[in-house]
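Text of coords_19.txt (compact mmCIF, C-alpha atoms and all ligand atoms) as supplied:
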```txt
# COMPACT_ATOMS: atom_id res chain seq x y z
CA MET A 1 59.97 57.82 18.36
CA SER A 2 63.29 58.60 16.65
CA HIS A 3 65.97 60.87 18.06
CA PRO A 4 65.34 64.63 17.46
CA ILE A 5 68.50 64.90 15.32
CA VAL A 6 67.36 61.98 13.13
CA GLN A 7 63.92 63.59 12.83
CA ARG A 8 65.53 66.88 11.83
CA LEU A 9 67.61 65.14 9.16
CA LEU A 10 64.58 63.30 7.76
CA ASP A 11 62.40 66.39 7.60
CA VAL A 12 63.36 67.62 4.11
CA LYS A 13 61.81 70.97 3.20
CA PHE A 14 62.49 73.07 0.14
CA ASN A 15 60.50 76.14 -0.80
CA THR A 16 60.83 75.82 -4.58
CA LYS A 17 58.58 78.81 -5.26
CA LYS A 18 60.68 81.12 -3.07
CA PHE A 19 63.90 79.71 -4.54
CA LEU A 20 62.79 80.39 -8.10
CA GLU A 21 61.46 83.82 -7.14
CA LEU A 22 64.84 84.84 -5.65
CA ALA A 23 66.97 83.09 -8.29
CA THR A 24 65.17 84.89 -11.13
CA HIS A 25 64.66 88.20 -9.30
CA GLY A 26 67.63 90.03 -10.79
CA GLY A 27 69.62 92.73 -9.04
CA LYS A 28 67.03 95.54 -9.12
CA ASN A 29 65.73 96.01 -5.55
CA PHE A 30 66.95 92.55 -4.62
CA PRO A 31 65.20 91.62 -1.31
CA ASP A 32 68.28 91.13 0.85
CA ASN A 33 66.38 90.13 3.99
CA GLU A 34 64.30 87.52 2.14
CA GLY A 35 67.48 86.20 0.51
CA ARG A 36 69.19 85.78 3.89
CA LYS A 37 66.05 84.26 5.41
CA PHE A 38 65.93 81.68 2.63
CA TYR A 39 69.31 80.26 3.65
CA ALA A 40 68.55 80.51 7.37
CA ASP A 41 65.30 78.58 6.81
CA HIS A 42 67.01 75.96 4.64
CA PHE A 43 70.22 75.33 6.60
CA ASP A 44 69.22 71.73 7.40
CA LEU A 45 69.07 71.06 3.67
CA THR A 46 72.87 71.44 3.48
CA LEU A 47 73.26 68.60 6.00
CA GLN A 48 70.61 66.45 4.29
CA ALA A 49 72.15 67.08 0.85
CA SER A 50 75.63 66.28 2.20
CA ILE A 51 74.49 62.91 3.57
CA LEU A 52 72.69 62.07 0.33
CA TYR A 53 75.78 63.20 -1.61
CA VAL A 54 78.10 60.86 0.33
CA VAL A 55 75.68 57.92 -0.14
CA VAL A 56 75.20 58.62 -3.88
CA VAL A 57 78.89 59.29 -4.61
CA PHE A 58 80.33 56.31 -2.72
CA GLY A 59 77.40 54.08 -3.74
CA THR A 60 78.02 54.95 -7.41
CA LYS A 61 81.76 54.42 -7.02
CA TRP A 62 81.08 50.94 -5.62
CA PHE A 63 78.46 50.20 -8.31
CA MET A 64 80.93 51.20 -11.04
CA ARG A 65 83.82 49.11 -9.70
CA ASN A 66 83.45 46.32 -12.29
CA ARG A 67 81.80 48.37 -15.02
CA GLN A 68 83.10 50.38 -17.93
CA PRO A 69 83.22 54.16 -17.32
CA PHE A 70 80.55 56.31 -18.96
CA SER A 71 81.88 58.88 -21.41
CA LEU A 72 79.23 61.57 -20.66
CA PHE A 73 80.96 63.79 -23.21
CA VAL A 74 77.97 65.98 -24.04
CA PRO A 75 76.40 66.40 -20.55
CA LEU A 76 79.80 67.06 -18.91
CA ASN A 77 80.65 69.71 -21.48
CA ILE A 78 77.30 71.39 -21.02
CA TRP A 79 77.77 71.22 -17.25
CA ASN A 80 81.28 72.71 -17.28
CA PHE A 81 80.22 75.35 -19.80
CA ILE A 82 77.33 76.47 -17.55
CA LEU A 83 79.59 76.66 -14.47
CA ALA A 84 82.35 78.47 -16.38
CA ALA A 85 79.85 80.98 -17.83
CA PHE A 86 78.22 81.51 -14.43
CA SER A 87 81.59 82.10 -12.73
CA ILE A 88 82.78 84.51 -15.44
CA LEU A 89 79.50 86.46 -15.33
CA ALA A 90 79.47 86.57 -11.52
CA THR A 91 83.08 87.86 -11.53
CA ILE A 92 82.16 90.60 -13.99
CA ARG A 93 79.04 91.59 -12.00
CA MET A 94 80.80 91.60 -8.60
CA THR A 95 83.96 93.44 -9.70
CA PRO A 96 82.52 97.02 -9.38
CA GLU A 97 81.41 96.57 -5.74
CA PHE A 98 84.68 94.90 -4.76
CA PHE A 99 86.94 97.60 -6.16
CA SER A 100 84.73 100.51 -5.22
CA VAL A 101 84.70 99.41 -1.56
CA LEU A 102 88.42 98.72 -1.71
CA THR A 103 89.27 102.17 -3.09
CA ASN A 104 86.65 104.23 -1.23
CA LYS A 105 86.76 102.56 2.18
CA GLY A 106 90.29 101.14 2.29
CA VAL A 107 91.70 97.64 2.49
CA VAL A 108 91.03 96.91 6.17
CA ASN A 109 87.46 98.26 6.12
CA SER A 110 86.75 96.17 3.00
CA TYR A 111 86.98 92.97 5.05
CA CYS A 112 85.95 94.35 8.40
CA TYR A 113 82.61 95.81 7.25
CA LEU A 114 79.87 94.44 5.04
CA TYR A 115 78.50 97.78 3.73
CA ASP A 116 76.06 97.03 0.86
CA PHE A 117 77.68 93.76 -0.19
CA THR A 118 74.43 91.75 0.07
CA LYS A 119 72.23 94.46 -1.48
CA GLY A 120 71.24 95.30 -5.05
CA ASP A 121 72.97 93.67 -8.01
CA ASN A 122 75.96 92.54 -5.96
CA GLY A 123 73.62 91.04 -3.35
CA TYR A 124 71.77 89.12 -6.06
CA TRP A 125 75.01 87.61 -7.41
CA ALA A 126 76.25 86.83 -3.90
CA TRP A 127 72.93 85.06 -3.29
CA LEU A 128 73.29 83.08 -6.54
CA PHE A 129 76.85 82.17 -5.59
CA MET A 130 75.56 80.58 -2.36
CA ALA A 131 72.91 78.66 -4.33
CA SER A 132 75.52 77.45 -6.83
CA LYS A 133 77.31 75.56 -4.05
CA LEU A 134 74.38 73.12 -3.89
CA PHE A 135 74.48 72.49 -7.63
CA GLU A 136 78.27 72.07 -7.72
CA LEU A 137 77.82 68.74 -5.90
CA VAL A 138 76.89 67.36 -9.34
CA ASP A 139 80.60 67.64 -10.34
CA THR A 140 81.34 64.56 -8.27
CA VAL A 141 78.59 62.47 -9.83
CA PHE A 142 80.32 63.03 -13.17
CA LEU A 143 83.67 62.05 -11.65
CA VAL A 144 82.46 58.70 -10.28
CA LEU A 145 80.39 57.79 -13.36
CA ARG A 146 83.46 58.50 -15.52
CA LYS A 147 85.63 56.57 -13.03
CA ARG A 148 88.06 59.46 -12.54
CA PRO A 149 90.03 59.48 -9.26
CA LEU A 150 87.95 60.77 -6.34
CA MET A 151 90.14 62.73 -3.95
CA PHE A 152 89.28 63.45 -0.32
CA LEU A 153 90.08 67.11 -1.06
CA HIS A 154 87.34 67.18 -3.70
CA TRP A 155 84.36 65.82 -1.76
CA TYR A 156 85.41 67.40 1.55
CA HIS A 157 85.66 70.77 -0.21
CA HIS A 158 82.26 70.44 -1.91
CA ILE A 159 80.47 69.52 1.33
CA LEU A 160 82.12 72.05 3.62
CA THR A 161 81.79 74.94 1.15
CA LEU A 162 78.04 74.31 0.84
CA ILE A 163 77.58 74.17 4.62
CA TYR A 164 79.65 77.31 5.14
CA ALA A 165 77.87 79.20 2.36
CA TRP A 166 74.33 78.66 3.67
CA TYR A 167 75.39 79.01 7.31
CA SER A 168 77.25 82.30 6.81
CA HIS A 169 74.95 84.17 4.42
CA PRO A 170 72.18 85.01 6.93
CA ASN A 171 74.87 86.68 9.14
CA SER A 172 77.18 87.64 6.31
CA PRO A 173 80.46 89.00 7.72
CA GLY A 174 82.55 91.63 5.91
CA PHE A 175 85.20 89.05 5.03
CA ASN A 176 82.72 87.12 2.87
CA ARG A 177 83.34 89.89 0.28
CA TYR A 178 86.80 88.34 -0.18
CA GLY A 179 85.75 84.69 0.17
CA ILE A 180 83.07 85.10 -2.50
CA TYR A 181 84.82 87.43 -4.92
CA LEU A 182 88.09 85.51 -4.92
CA ASN A 183 86.25 82.21 -5.29
CA VAL A 184 84.16 83.25 -8.33
CA LEU A 185 87.31 84.66 -9.90
CA VAL A 186 89.26 81.43 -9.32
CA HIS A 187 86.29 79.34 -10.48
CA ALA A 188 86.10 81.37 -13.70
CA PHE A 189 89.56 79.96 -14.52
CA MET A 190 88.94 76.53 -12.99
CA TYR A 191 85.67 75.70 -14.76
CA SER A 192 87.02 77.11 -18.06
CA TYR A 193 89.94 74.69 -17.61
CA TYR A 194 87.59 71.79 -16.81
CA PHE A 195 85.52 72.75 -19.86
CA LEU A 196 88.58 72.63 -22.12
CA ARG A 197 89.65 69.31 -20.58
CA SER A 198 86.21 67.77 -20.99
CA MET A 199 86.20 69.01 -24.61
CA LYS A 200 89.37 66.91 -24.87
CA ILE A 201 91.42 70.00 -25.69
CA ARG A 202 95.06 69.69 -24.62
CA VAL A 203 95.96 72.26 -22.01
CA PRO A 204 99.65 72.85 -21.19
CA GLY A 205 100.71 71.62 -17.75
CA PHE A 206 101.55 75.12 -16.54
CA VAL A 207 97.85 76.13 -16.82
CA ALA A 208 96.82 73.55 -14.22
CA GLN A 209 99.75 74.66 -12.08
CA PHE A 210 98.66 78.29 -12.42
CA ILE A 211 95.10 77.42 -11.35
CA THR A 212 96.29 75.46 -8.31
CA SER A 213 98.54 78.41 -7.44
CA ILE A 214 95.69 80.94 -7.52
CA GLN A 215 93.56 78.53 -5.46
CA ILE A 216 96.34 78.46 -2.85
CA LEU A 217 96.74 82.24 -3.04
CA GLN A 218 93.01 82.67 -2.38
CA PHE A 219 93.28 80.57 0.81
CA ILE A 220 96.45 82.42 1.92
CA ILE A 221 94.63 85.75 1.50
CA SER A 222 91.55 84.43 3.36
CA CYS A 223 93.63 83.05 6.26
CA SER A 224 95.61 86.30 6.54
CA ILE A 225 92.40 88.35 6.58
CA LEU A 226 90.89 86.10 9.27
CA ALA A 227 94.06 86.42 11.39
CA HIS A 228 93.96 90.21 11.07
CA ILE A 229 90.26 90.33 11.96
CA ALA A 230 90.92 88.26 15.09
CA PHE A 231 93.56 90.83 16.04
CA LEU A 232 91.26 93.79 15.25
CA VAL A 233 88.31 92.38 17.17
CA HIS A 234 90.00 90.76 20.15
CA VAL A 235 93.06 92.96 20.70
CA GLN A 236 92.08 96.37 19.33
CA ASN A 237 88.32 96.05 20.06
CA VAL A 238 87.33 97.22 16.58
CA PRO A 239 83.60 96.50 16.01
CA CYS A 240 83.90 94.56 12.71
CA ASP A 241 80.75 93.09 11.05
CA PHE A 242 81.41 89.69 12.40
CA ASP A 243 79.71 86.62 13.90
CA SER A 244 81.81 84.36 16.10
CA GLY A 245 80.28 81.07 14.81
CA VAL A 246 80.83 82.08 11.17
CA PHE A 247 84.35 83.25 11.98
CA LYS A 248 85.30 79.93 13.58
CA LEU A 249 83.89 77.89 10.70
CA ALA A 250 85.64 80.15 8.15
CA THR A 251 88.96 79.74 9.98
CA PHE A 252 88.60 75.96 10.11
CA MET A 253 87.55 75.79 6.45
CA ASP A 254 90.24 78.06 4.99
CA THR A 255 93.05 76.54 7.05
CA THR A 256 92.16 72.98 6.08
CA TYR A 257 91.75 73.97 2.40
CA LEU A 258 95.16 75.66 2.45
CA ILE A 259 96.82 72.53 3.86
CA LEU A 260 95.03 70.19 1.42
CA PHE A 261 95.82 72.35 -1.60
CA LEU A 262 99.49 72.73 -0.65
CA ASN A 263 99.61 68.94 -0.40
CA PHE A 264 97.85 68.64 -3.80
CA PHE A 265 100.35 71.07 -5.35
CA PHE A 266 103.31 69.13 -3.97
CA LYS A 267 101.98 65.75 -5.13
CA SER A 268 100.84 66.96 -8.57
CA TYR A 269 103.71 69.16 -9.68
CA ILE A 270 106.77 68.58 -7.49
CA TYR A 271 107.02 65.08 -5.96
CA LYS A 272 108.88 62.73 -8.35
CA GLY A 273 108.70 65.37 -11.08
CA GLY A 274 104.91 65.75 -10.82
CA LYS A 275 101.97 63.70 -12.17
CA ALA A 276 102.55 62.25 -15.63
CA LYS A 277 99.36 63.79 -17.05
CA TYR A 278 100.73 67.33 -16.57
CA ARG A 279 104.18 66.41 -17.82
CA SER A 280 103.02 64.55 -20.93
CA VAL A 281 101.38 67.59 -22.56
CA GLU A 282 104.55 69.62 -22.21
CA THR A 283 106.81 66.75 -23.25
CA LYS A 284 104.73 65.97 -26.33
CA LYS A 285 104.72 69.64 -27.32
CA SER A 286 108.47 70.02 -26.92
CA GLN A 287 109.21 66.89 -28.97
C1 LIG A 301 94.06 72.18 -11.79
C2 LIG A 301 92.90 71.77 -10.91
C3 LIG A 301 91.78 72.80 -11.03
C4 LIG A 301 92.31 70.43 -11.37
O1 LIG A 301 93.24 69.47 -11.28
P1 LIG A 301 92.99 68.05 -11.98
O2 LIG A 301 92.40 68.19 -13.33
O3 LIG A 301 94.28 67.32 -11.90
O4 LIG A 301 91.95 67.38 -11.06
P2 LIG A 301 91.76 65.84 -10.83
O5 LIG A 301 93.07 65.13 -10.66
O6 LIG A 301 90.75 65.74 -9.74
O7 LIG A 301 91.15 65.28 -12.19
C5 LIG A 301 89.82 65.35 -12.44
C6 LIG A 301 89.59 64.90 -13.88
O8 LIG A 301 88.21 65.13 -14.22
C7 LIG A 301 88.10 66.15 -15.18
N1 LIG A 301 86.94 67.01 -14.96
C8 LIG A 301 86.22 67.54 -15.95
N2 LIG A 301 85.24 68.29 -15.45
C9 LIG A 301 85.34 68.25 -14.10
C10 LIG A 301 84.63 68.86 -13.03
N3 LIG A 301 83.60 69.66 -13.25
N4 LIG A 301 85.02 68.62 -11.76
C11 LIG A 301 86.08 67.81 -11.51
N5 LIG A 301 86.79 67.21 -12.50
C12 LIG A 301 86.45 67.43 -13.78
C13 LIG A 301 89.44 66.87 -15.06
O9 LIG A 301 89.73 67.59 -16.22
C14 LIG A 301 90.37 65.71 -14.84
O10 LIG A 301 90.49 64.95 -16.01
P3 LIG A 301 91.87 64.60 -16.66
O11 LIG A 301 92.57 63.68 -15.70
O12 LIG A 301 91.51 63.95 -17.95
O13 LIG A 301 92.59 65.91 -16.81
C15 LIG A 301 93.43 71.65 -9.48
O14 LIG A 301 94.02 72.85 -9.04
C16 LIG A 301 92.38 71.24 -8.49
O15 LIG A 301 91.51 71.97 -8.04
N6 LIG A 301 92.49 69.99 -8.08
C17 LIG A 301 91.66 69.45 -7.00
C18 LIG A 301 90.60 68.61 -7.56
C19 LIG A 301 89.21 69.24 -7.57
O16 LIG A 301 88.25 68.53 -7.47
N7 LIG A 301 89.09 70.57 -7.68
C20 LIG A 301 87.80 71.25 -7.77
C21 LIG A 301 87.13 71.47 -6.44
S1 LIG A 301 88.11 72.40 -5.32
C22 LIG A 301 87.75 74.06 -5.57
O17 LIG A 301 86.82 74.39 -6.22
C23 LIG A 301 88.66 74.97 -4.86
C24 LIG A 301 88.23 76.36 -4.91
O18 LIG A 301 87.17 76.68 -4.37
O19 LIG A 301 88.97 77.19 -5.48
```
Could I get this structure in the form of structure tokens?
Ligand SMILES: CC(C)(COP(=O)(O)OP(=O)(O)OC[C@H]1O[C@@H](n2cnc3c(N)ncnc32)[C@H](O)[C@@H]1OP(=O)(O)O)[C@@H](O)C(=O)NCCC(=O)NCCSC(=O)CC(=O)O
Amino acid sequence: MSHPIVQRLLDVKFNTKKFLELATHGGKNFPDNEGRKFYADHFDLTLQASILYVVVVFGTKWFMRNRQPFSLFVPLNIWNFILAAFSILATIRMTPEFFSVLTNKGVVNSYCYLYDFTKGDNGYWAWLFMASKLFELVDTVFLVLRKRPLMFLHWYHHILTLIYAWYSHPNSPGFNRYGIYLNVLVHAFMYSYYFLRSMKIRVPGFVAQFITSIQILQFIISCSILAHIAFLVHVQNVPCDFDSGVFKLATFMDTTYLILFLNFFFKSYIYKGGKAKYRSVETKKSQ
């Protein structure tokens, strides 16, 4: 008899029919409760996928150590194009809800209360966003097969975001409106940049710097919101839509991302004049 935790990790279940039904449902009368239940029922899959991901990524990195990198020009471009298009579309579809809540309910209420964030068209796109976090793990497989540098920031971010996404959605707090909307917006820029890079199009160094800056800004906003919610809930006793487990994980996640991205910014653009790959584009252009 194996340990109950080992048994839980080996018991892989995925309701493909339900997944496809929800993923292709569209926003009209999107079944919010079924959508939340899907992630609650499949939480273990995030842990199982994360373990498999670590084994596959580091196994492939080791396997590739004495081999030539794959080019993967066509599949990587298709991949980045799909993720860029998805992020742009999701931003467009989620913009009306975000700004209507912001203007009609006010800034503080927009992160304190969920309102209809997980319902209708917005709910459908929020649900797809959570699903996309599982597929984004594929990014790293491309990195290791192409023998690009694999940063701790990258694989830590991909694992923790997936776990947070599927853990939080069944009890979605009001502040997920910001986490999700800001992230699709930032990813619209980020995957468009990755698409241009994988198309071997030269992108000026300041574009990468701009994207890292908006990534950092998104984590500063998230951390500030979480700090204010802690004050509202614990000091002023305001009944925000809020789950303590989700709140703790969000605080841990956003704080660590902020630290890692500040470190990335410093190493890429400031320390010793920044990484050569960002400098070279600008230098070549100015010559
Ligand atoms: C400007 C950035 C967006 C990307 O910076 P870099 O391009 O320098 O990243 P890097 O040093 O890891 O280099 C990775 C190399 O692989 C290429 N590449 C192409 N497609 C890719 C893809 N889908 N995912 C990851 N890398 C990809 C890049 O163009 C680059 O090639 P080349 O060297 O030829 O240019 C930066 O701000 C950033 O996020 N860096 C952290 C690395 C990372 O993995 N980020 C994504 C997950 S974090 C995230 O998503 C945060 C968030 O939620 O907002």
Exercise. For Arg148 in chain A, which residue out of A:Tyr167, A:Phe70, A:Phe195, A:Phe30 is the nearest one, using only C-alpha atoms?
Worked result: A:Phe70
With 8 Å on each side, where is the centre of the axis-aligned box around all listed atoms of ligand LIG 301 (chain A), and how long are its edges in Å to one decimal, as lines of an AutoDock Vina configuration file?
```
center_x = 88.9
center_y = 70.4
center_z = -11.2
size_x = 26.7
size_y = 29.5
size_z = 29.6
```
For this session: Give as a VMD selection string the residues surrounding ligand LIG 301 (chain A) up to a distance of 6 Å, considering all atoms listed in the file.
Result: chain A and resid 80 139 148 154 157 183 186 190 194 197 to 198 208 211 to 212 215
Keeping only C-alpha atoms, write the selected residues as a PDB file, in the frame of the given file.
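The result, written out as out34.pdb:
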```pdb
ATOM      1  CA  ASN A  80      81.280  72.710 -17.280  1.00  0.00           C
ATOM      2  CA  ASP A 139      80.600  67.640 -10.340  1.00  0.00           C
ATOM      3  CA  ARG A 148      88.060  59.460 -12.540  1.00  0.00           C
ATOM      4  CA  HIS A 154      87.340  67.180  -3.700  1.00  0.00           C
ATOM      5  CA  HIS A 157      85.660  70.770  -0.210  1.00  0.00           C
ATOM      6  CA  ASN A 183      86.250  82.210  -5.290  1.00  0.00           C
ATOM      7  CA  VAL A 186      89.260  81.430  -9.320  1.00  0.00           C
ATOM      8  CA  MET A 190      88.940  76.530 -12.990  1.00  0.00           C
ATOM      9  CA  TYR A 194      87.590  71.790 -16.810  1.00  0.00           C
ATOM     10  CA  ARG A 197      89.650  69.310 -20.580  1.00  0.00           C
ATOM     11  CA  SER A 198      86.210  67.770 -20.990  1.00  0.00           C
ATOM     12  CA  ALA A 208      96.820  73.550 -14.220  1.00  0.00           C
ATOM     13  CA  ILE A 211      95.100  77.420 -11.350  1.00  0.00           C
ATOM     14  CA  THR A 212      96.290  75.460  -8.310  1.00  0.00           C
ATOM     15  CA  GLN A 215      93.560  78.530  -5.460  1.00  0.00           C
TER      16      GLN A 215
END
```
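Note that CA of Gly120 in chain A and CA of Gly27 in chain A are 5.0 Å apart.
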Problem set entry | Interatomic distance (Å, one decimal) between CA of Ile259 in chain A and CA of His228 in chain A | 19.3 Å
Mind running range 154-183 of chain A against range 38-52 of chain A at 10 Å and telling me each contacting residue's nearest atom pair with the distance in Å (one decimal), counting all atoms listed in the file, chain and number ascending, as CSV?
```
residue,atom,partner,partner_atom,distance
A:Trp155,CA,A:Ser50,CA,9.6
A:Tyr156,CA,A:Ser50,CA,9.9
A:His158,CA,A:Ser50,CA,8.8
A:Ile159,CA,A:Ser50,CA,5.9
A:Leu160,CA,A:Ser50,CA,8.8
A:Thr161,CA,A:Thr46,CA,9.9
A:Leu162,CA,A:Thr46,CA,6.5
A:Ile163,CA,A:Thr46,CA,5.6
A:Tyr164,CA,A:Thr46,CA,9.1
A:Ala165,CA,A:Tyr39,CA,8.7
A:Trp166,CA,A:Tyr39,CA,5.3
A:Tyr167,CA,A:Phe43,CA,6.4
A:Ser168,CA,A:Tyr39,CA,8.8
A:His169,CA,A:Tyr39,CA,6.9
A:Pro170,CA,A:Ala40,CA,5.8
A:Asn171,CA,A:Ala40,CA,9.0
```
For this session: Tell me, in Å to one decimal, how far CA of Val235 in chain A is from CA of Leu249 in chain A.
Result: 20.3 Å
For this session: Neighbourhood query: residues within 12 Å of (89.2, 95.9, 3.7), file coordinates, counting only C-alpha atoms; return as a ChimeraX atom specification.
Result: /A:98-115,173-178,221-222,224-226,228-229,232,240-241
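Ranking A:Arg93, A:His25, A:Arg8, A:His234 by their shortest atom-to-atom distance to Trp125 in chain A, with only C-alpha atoms included, puts A:Arg93 first.
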For this session: Identify, on the basis of only C-alpha atoms, every residue whose closest approach to Val57 in chain A does not exceed 10 Å; exclude the query and any residue fewer than 2 positions from it along the same chain; express the result as a list in words.
Result: Ile51, Leu52, Tyr53, Val54, Val55, Gly59, Thr60, Lys61, Trp62, Phe63, Leu137, Val138, Thr140, Val141, Phe142, Leu143, Val144, Leu145, Leu150 and Trp155 of chain A
Restricting the output to C-alpha atoms, write the selected residues as a PDB file, in the frame of the given file.
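part12.pdb, freshly written:
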```pdb
ATOM      1  CA  ILE A  51      74.490  62.910   3.570  1.00  0.00           C
ATOM      2  CA  LEU A  52      72.690  62.070   0.330  1.00  0.00           C
ATOM      3  CA  TYR A  53      75.780  63.200  -1.610  1.00  0.00           C
ATOM      4  CA  VAL A  54      78.100  60.860   0.330  1.00  0.00           C
ATOM      5  CA  VAL A  55      75.680  57.920  -0.140  1.00  0.00           C
ATOM      6  CA  GLY A  59      77.400  54.080  -3.740  1.00  0.00           C
ATOM      7  CA  THR A  60      78.020  54.950  -7.410  1.00  0.00           C
ATOM      8  CA  LYS A  61      81.760  54.420  -7.020  1.00  0.00           C
ATOM      9  CA  TRP A  62      81.080  50.940  -5.620  1.00  0.00           C
ATOM     10  CA  PHE A  63      78.460  50.200  -8.310  1.00  0.00           C
ATOM     11  CA  LEU A 137      77.820  68.740  -5.900  1.00  0.00           C
ATOM     12  CA  VAL A 138      76.890  67.360  -9.340  1.00  0.00           C
ATOM     13  CA  THR A 140      81.340  64.560  -8.270  1.00  0.00           C
ATOM     14  CA  VAL A 141      78.590  62.470  -9.830  1.00  0.00           C
ATOM     15  CA  PHE A 142      80.320  63.030 -13.170  1.00  0.00           C
ATOM     16  CA  LEU A 143      83.670  62.050 -11.650  1.00  0.00           C
ATOM     17  CA  VAL A 144      82.460  58.700 -10.280  1.00  0.00           C
ATOM     18  CA  LEU A 145      80.390  57.790 -13.360  1.00  0.00           C
ATOM     19  CA  LEU A 150      87.950  60.770  -6.340  1.00  0.00           C
ATOM     20  CA  TRP A 155      84.360  65.820  -1.760  1.00  0.00           C
TER      21      TRP A 155
END
```
